[in-house]
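Participant: One structure coming up, written as structure tokens, with questions to follow.
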Amino acid sequence: MEPAIFGTQPAERGSYPPAVWGVAALVVIVVAAALVYSGRKKPAAAPSTLQPADAYAASLPLSQFAMSESANLSGGKLTYLDGHVQNTGSRTVTRITVQVVFGNDEALAPQIDTVPLMLIRTKDPYIDTQAVSANPLKLGDDREFRLTFEAIPDNWNQQMPEVRVIQTK
């Protein structure tokens, strides 16, 4: 008796066709992506219109402004605005948001950047900054700060920009 070379093979039990596995994997990926996307909080956009000064702003005078520039590693230009902030009010401040207005002489709307005020932590070997929350401003504190800008408009009039405190905590 010769062995059956072309005989029928017994059916495998419990296996599904590859198409079913592919569809199941696709469903899992879509559900996971939907959960991740729906759980993400969209950051609040920084206001691009001039905002009113914060009620505590008068207690945080900004002074001794100085501007400088440097090239970054990608060939672009960074612009720095340094200064001093002093807390003359009655409470400790853990966050300061400022608006910086870059004017122009072309009767166009100015560029308005809304940024957090960053305190200078160290100056040697390079200037390093930190958020105000890392070392809050207590009553009487006077600290140096640095604001960094990657894009200044070409039509900026090269005058010192207006800096205003619009939010404190």
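So you can find residues: chains in the structure tokens are A, B, ... in the order shown, residues in each start at 1, and ligands are numbered from 1 in order.
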Any idea what's packed within 12 Å of segment 50-52 of chain A, counting only C-alpha atoms, ignoring anything in its chain fewer than 3 positions away? Could you give it as number ranges by chain?
Facilitator: A: 46-47, 55-57, 97-102, 109-114, 162-167
Participant: Atoms to include: C-alpha atoms. Write the selected residues as a short mmCIF file (atom, residue, chain, number, x, y, z; two decimals), in the first residue's frame.
Facilitator:
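Wrote out19.cif, looks like this:
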```
data_model
loop_
_atom_site.label_atom_id
_atom_site.label_comp_id
_atom_site.auth_asym_id
_atom_site.auth_seq_id
_atom_site.Cartn_x
_atom_site.Cartn_y
_atom_site.Cartn_z
CA ALA A 46 -1.66 82.71 23.62
CA PRO A 47 -3.62 85.87 22.95
CA ALA A 55 -4.28 94.08 38.60
CA TYR A 56 -0.99 93.17 40.35
CA ALA A 57 1.16 94.50 37.47
CA THR A 97 2.92 86.27 31.78
CA VAL A 98 3.91 89.27 29.69
CA GLN A 99 3.01 90.67 26.31
CA VAL A 100 5.79 92.13 24.21
CA VAL A 101 4.78 94.58 21.48
CA PHE A 102 7.20 95.03 18.57
CA ALA A 109 -0.36 96.29 13.28
CA PRO A 110 2.53 95.51 15.61
CA GLN A 111 3.64 91.97 16.39
CA ILE A 112 2.40 90.98 19.85
CA ASP A 113 4.03 88.00 21.57
CA THR A 114 2.59 86.57 24.77
CA GLU A 162 6.67 97.61 25.03
CA VAL A 163 6.52 94.93 27.75
CA ARG A 164 3.41 94.62 29.92
CA VAL A 165 2.43 92.16 32.64
CA ILE A 166 -0.93 90.68 31.71
CA GLN A 167 -1.21 87.78 34.16
#
```
Participant: Find the residues around Thr168 of chain A up to 12 Å (only C-alpha atoms counted), leave out those fewer than 4 positions away in its own chain, and share them as a list in words.
Facilitator: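 The filter keeps Ala53, Asp54, Ala55, Tyr56, Ala57, Ala58, Ser59, Leu60, Asn87, Gly89, Arg91, Thr92, Val93, Thr94, Arg95, Ile96, Thr97, Val98, Pro116, Leu117, Val132, Ser133, Pro136, Leu137 and Arg164 of chain A.
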Participant: I need the chosen residues saved as a JSON list (two decimals), in the first residue's frame, with N, CA, C and O atoms.
Facilitator:
```
[["chain", "number", "residue", "atom", "x", "y", "z"],
["A", 53, "ALA", "N", -3.56, 95.12, 31.40],
["A", 53, "ALA", "CA", -2.57, 94.79, 32.41],
["A", 53, "ALA", "C", -3.25, 94.08, 33.58],
["A", 53, "ALA", "O", -4.41, 94.35, 33.91],
["A", 54, "ASP", "N", -2.53, 93.18, 34.21],
["A", 54, "ASP", "CA", -3.00, 92.47, 35.39],
["A", 54, "ASP", "C", -3.14, 93.46, 36.55],
["A", 54, "ASP", "O", -2.40, 94.45, 36.63],
["A", 55, "ALA", "N", -4.06, 93.19, 37.46],
["A", 55, "ALA", "CA", -4.28, 94.08, 38.60],
["A", 55, "ALA", "C", -3.02, 94.20, 39.47],
["A", 55, "ALA", "O", -2.78, 95.24, 40.08],
["A", 56, "TYR", "N", -2.20, 93.16, 39.52],
["A", 56, "TYR", "CA", -0.99, 93.17, 40.35],
["A", 56, "TYR", "C", 0.22, 93.72, 39.58],
["A", 56, "TYR", "O", 1.29, 93.86, 40.14],
["A", 57, "ALA", "N", 0.05, 94.06, 38.32],
["A", 57, "ALA", "CA", 1.16, 94.50, 37.47],
["A", 57, "ALA", "C", 1.88, 95.72, 38.03],
["A", 57, "ALA", "O", 3.11, 95.83, 37.91],
["A", 58, "ALA", "N", 1.16, 96.64, 38.67],
["A", 58, "ALA", "CA", 1.80, 97.83, 39.24],
["A", 58, "ALA", "C", 2.78, 97.46, 40.34],
["A", 58, "ALA", "O", 3.71, 98.21, 40.64],
["A", 59, "SER", "N", 2.62, 96.30, 40.94],
["A", 59, "SER", "CA", 3.51, 95.83, 42.00],
["A", 59, "SER", "C", 4.70, 95.06, 41.46],
["A", 59, "SER", "O", 5.52, 94.56, 42.24],
["A", 60, "LEU", "N", 4.80, 94.93, 40.14],
["A", 60, "LEU", "CA", 5.90, 94.21, 39.49],
["A", 60, "LEU", "C", 6.55, 95.10, 38.44],
["A", 60, "LEU", "O", 6.49, 94.82, 37.24],
["A", 87, "ASN", "N", 9.32, 92.71, 43.01],
["A", 87, "ASN", "CA", 8.01, 92.51, 43.62],
["A", 87, "ASN", "C", 7.86, 93.51, 44.76],
["A", 87, "ASN", "O", 8.42, 93.34, 45.83],
["A", 89, "GLY", "N", 4.81, 94.39, 45.86],
["A", 89, "GLY", "CA", 3.46, 94.19, 46.37],
["A", 89, "GLY", "C", 3.43, 93.43, 47.68],
["A", 89, "GLY", "O", 4.43, 93.36, 48.40],
["A", 91, "ARG", "N", 2.22, 90.08, 48.04],
["A", 91, "ARG", "CA", 2.11, 88.62, 47.95],
["A", 91, "ARG", "C", 3.26, 88.03, 47.14],
["A", 91, "ARG", "O", 3.94, 88.72, 46.39],
["A", 92, "THR", "N", 3.46, 86.74, 47.33],
["A", 92, "THR", "CA", 4.47, 86.00, 46.58],
["A", 92, "THR", "C", 3.90, 85.68, 45.20],
["A", 92, "THR", "O", 2.74, 85.29, 45.08],
["A", 93, "VAL", "N", 4.73, 85.82, 44.17],
["A", 93, "VAL", "CA", 4.29, 85.59, 42.79],
["A", 93, "VAL", "C", 4.96, 84.32, 42.27],
["A", 93, "VAL", "O", 6.19, 84.17, 42.38],
["A", 94, "THR", "N", 4.15, 83.41, 41.71],
["A", 94, "THR", "CA", 4.67, 82.14, 41.20],
["A", 94, "THR", "C", 4.63, 82.04, 39.68],
["A", 94, "THR", "O", 5.17, 81.10, 39.11],
["A", 95, "ARG", "N", 3.95, 82.97, 39.03],
["A", 95, "ARG", "CA", 3.91, 82.96, 37.56],
["A", 95, "ARG", "C", 3.64, 84.37, 37.06],
["A", 95, "ARG", "O", 2.80, 85.08, 37.61],
["A", 96, "ILE", "N", 4.36, 84.74, 36.00],
["A", 96, "ILE", "CA", 4.16, 86.05, 35.36],
["A", 96, "ILE", "C", 4.10, 85.82, 33.86],
["A", 96, "ILE", "O", 4.99, 85.20, 33.29],
["A", 97, "THR", "N", 3.04, 86.31, 33.23],
["A", 97, "THR", "CA", 2.92, 86.27, 31.78],
["A", 97, "THR", "C", 2.97, 87.70, 31.28],
["A", 97, "THR", "O", 2.30, 88.58, 31.83],
["A", 98, "VAL", "N", 3.77, 87.92, 30.24],
["A", 98, "VAL", "CA", 3.91, 89.27, 29.69],
["A", 98, "VAL", "C", 3.54, 89.28, 28.22],
["A", 98, "VAL", "O", 3.58, 88.24, 27.55],
["A", 116, "PRO", "N", 5.75, 83.55, 28.85],
["A", 116, "PRO", "CA", 6.00, 83.55, 30.29],
["A", 116, "PRO", "C", 7.31, 84.27, 30.60],
["A", 116, "PRO", "O", 8.27, 84.15, 29.83],
["A", 117, "LEU", "N", 7.34, 85.00, 31.68],
["A", 117, "LEU", "CA", 8.58, 85.65, 32.10],
["A", 117, "LEU", "C", 9.48, 84.58, 32.71],
["A", 117, "LEU", "O", 9.05, 83.82, 33.57],
["A", 132, "VAL", "N", 9.26, 81.25, 36.87],
["A", 132, "VAL", "CA", 9.12, 81.93, 38.15],
["A", 132, "VAL", "C", 8.69, 80.93, 39.23],
["A", 132, "VAL", "O", 9.10, 81.03, 40.38],
["A", 133, "SER", "N", 7.90, 79.93, 38.86],
["A", 133, "SER", "CA", 7.42, 78.94, 39.83],
["A", 133, "SER", "C", 8.56, 78.15, 40.47],
["A", 133, "SER", "O", 8.41, 77.64, 41.58],
["A", 136, "PRO", "N", 9.83, 81.33, 43.38],
["A", 136, "PRO", "CA", 8.86, 82.43, 43.40],
["A", 136, "PRO", "C", 9.43, 83.75, 43.89],
["A", 136, "PRO", "O", 10.36, 83.79, 44.70],
["A", 137, "LEU", "N", 8.84, 84.83, 43.38],
["A", 137, "LEU", "CA", 9.22, 86.19, 43.78],
["A", 137, "LEU", "C", 8.49, 86.57, 45.06],
["A", 137, "LEU", "O", 7.28, 86.75, 45.06],
["A", 164, "ARG", "N", 4.45, 94.40, 28.90],
["A", 164, "ARG", "CA", 3.41, 94.62, 29.92],
["A", 164, "ARG", "C", 3.04, 93.31, 30.57],
["A", 164, "ARG", "O", 2.92, 92.28, 29.90]]
```
Participant: Would you please extract all strand (DSSP E or B) residues from chain A, as assigned by DSSP on the backbone, and give them as a PyMOL selection string?
Facilitator: chain A and resi 62-71+77-86+93+96-102+104+111-116+118-122+128-131+137+142-149+156+162-168
Participant: Would you mind telling me which residue in A:Thr49, A:Ser70, A:Gln64, A:Asn157 lies nearest to Asp82 of chain A when using only C-alpha atoms?
Facilitator: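 So, comparing all the options, the nearest one is A:Gln64.
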Participant: With only C-alpha atoms as the counted atoms, please give the residues lying no more than 12 Å from Phe145 of chain A, apart from itself and same-chain residues fewer than 2 positions off, as a VMD selection string.
Facilitator: chain A and resid 62 to 67 80 to 86 96 98 116 to 123 127 to 132 137 142 to 143 147 to 148
Participant: From a DSSP calculation on the backbone, collect every residue of segment 40-134 of chain A in helix (DSSP H, G or I) and output the set as an NGL selection string.
Facilitator: :A and (57-59 or 132-134)
Participant: Write the residues of the selection above to a file with all heavy atoms, as an mmCIF file, in the first residue's frame.
Facilitator:
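So part11.cif came out as:
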```
data_model
loop_
_atom_site.group_PDB
_atom_site.id
_atom_site.type_symbol
_atom_site.label_atom_id
_atom_site.label_comp_id
_atom_site.auth_asym_id
_atom_site.auth_seq_id
_atom_site.Cartn_x
_atom_site.Cartn_y
_atom_site.Cartn_z
ATOM 1 N N ALA A 57 0.050 94.063 38.316
ATOM 2 C CA ALA A 57 1.159 94.501 37.465
ATOM 3 C C ALA A 57 1.880 95.716 38.031
ATOM 4 O O ALA A 57 3.106 95.831 37.913
ATOM 5 C CB ALA A 57 0.671 94.798 36.054
ATOM 6 N N ALA A 58 1.161 96.636 38.673
ATOM 7 C CA ALA A 58 1.799 97.829 39.236
ATOM 8 C C ALA A 58 2.780 97.459 40.343
ATOM 9 O O ALA A 58 3.707 98.213 40.636
ATOM 10 C CB ALA A 58 0.735 98.782 39.771
ATOM 11 N N SER A 59 2.615 96.299 40.939
ATOM 12 C CA SER A 59 3.514 95.830 42.002
ATOM 13 C C SER A 59 4.705 95.063 41.459
ATOM 14 O O SER A 59 5.521 94.560 42.237
ATOM 15 C CB SER A 59 2.743 94.942 42.989
ATOM 16 O OG SER A 59 1.693 95.657 43.568
ATOM 17 N N VAL A 132 9.259 81.251 36.866
ATOM 18 C CA VAL A 132 9.115 81.930 38.153
ATOM 19 C C VAL A 132 8.685 80.926 39.226
ATOM 20 O O VAL A 132 9.102 81.025 40.380
ATOM 21 C CB VAL A 132 8.106 83.095 38.041
ATOM 22 C CG1 VAL A 132 7.854 83.745 39.393
ATOM 23 C CG2 VAL A 132 8.597 84.132 37.040
ATOM 24 N N SER A 133 7.900 79.930 38.856
ATOM 25 C CA SER A 133 7.419 78.943 39.831
ATOM 26 C C SER A 133 8.555 78.151 40.472
ATOM 27 O O SER A 133 8.408 77.637 41.576
ATOM 28 C CB SER A 133 6.421 77.986 39.174
ATOM 29 O OG SER A 133 7.049 77.290 38.117
ATOM 30 N N ALA A 134 9.713 78.047 39.808
ATOM 31 C CA ALA A 134 10.846 77.311 40.368
ATOM 32 C C ALA A 134 11.491 78.063 41.530
ATOM 33 O O ALA A 134 12.128 77.446 42.380
ATOM 34 C CB ALA A 134 11.891 77.036 39.282
#
```
Participant: Which residue out of A:Pro161, A:Pro61, A:Pro17, A:Pro125 has the minimum interatomic distance to Thr88 of chain A when only C-alpha atoms are used?
Facilitator: A:Pro61
Participant: Please measure the separation of atom CA of Gln159 of chain A and atom CA of Ala71 of chain A, giving the value in Å to one decimal.
Facilitator: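 Going from atom CA of Gln159 of chain A over to atom CA of Ala71 of chain A covers 20.5 Å.
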Participant: Here is a test: counting only C-alpha atoms, which residue of A:Asn135, A:Ser90, A:Ser74, A:Ser68 is nearest to Gln158 of chain A?
Facilitator: A:Ser68
Participant: Could you check how far atom CA of Thr79 of chain A sits from atom CA of Lys169 of chain A, in Å to one decimal?
Facilitator: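 These two atoms are separated by 26.5 Å.
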Participant: Just to confirm, what's the straight-line distance from atom CA of Gly39 of chain A to atom CA of Ala24 of chain A in Å (one decimal)?
Facilitator: 22.8 Å
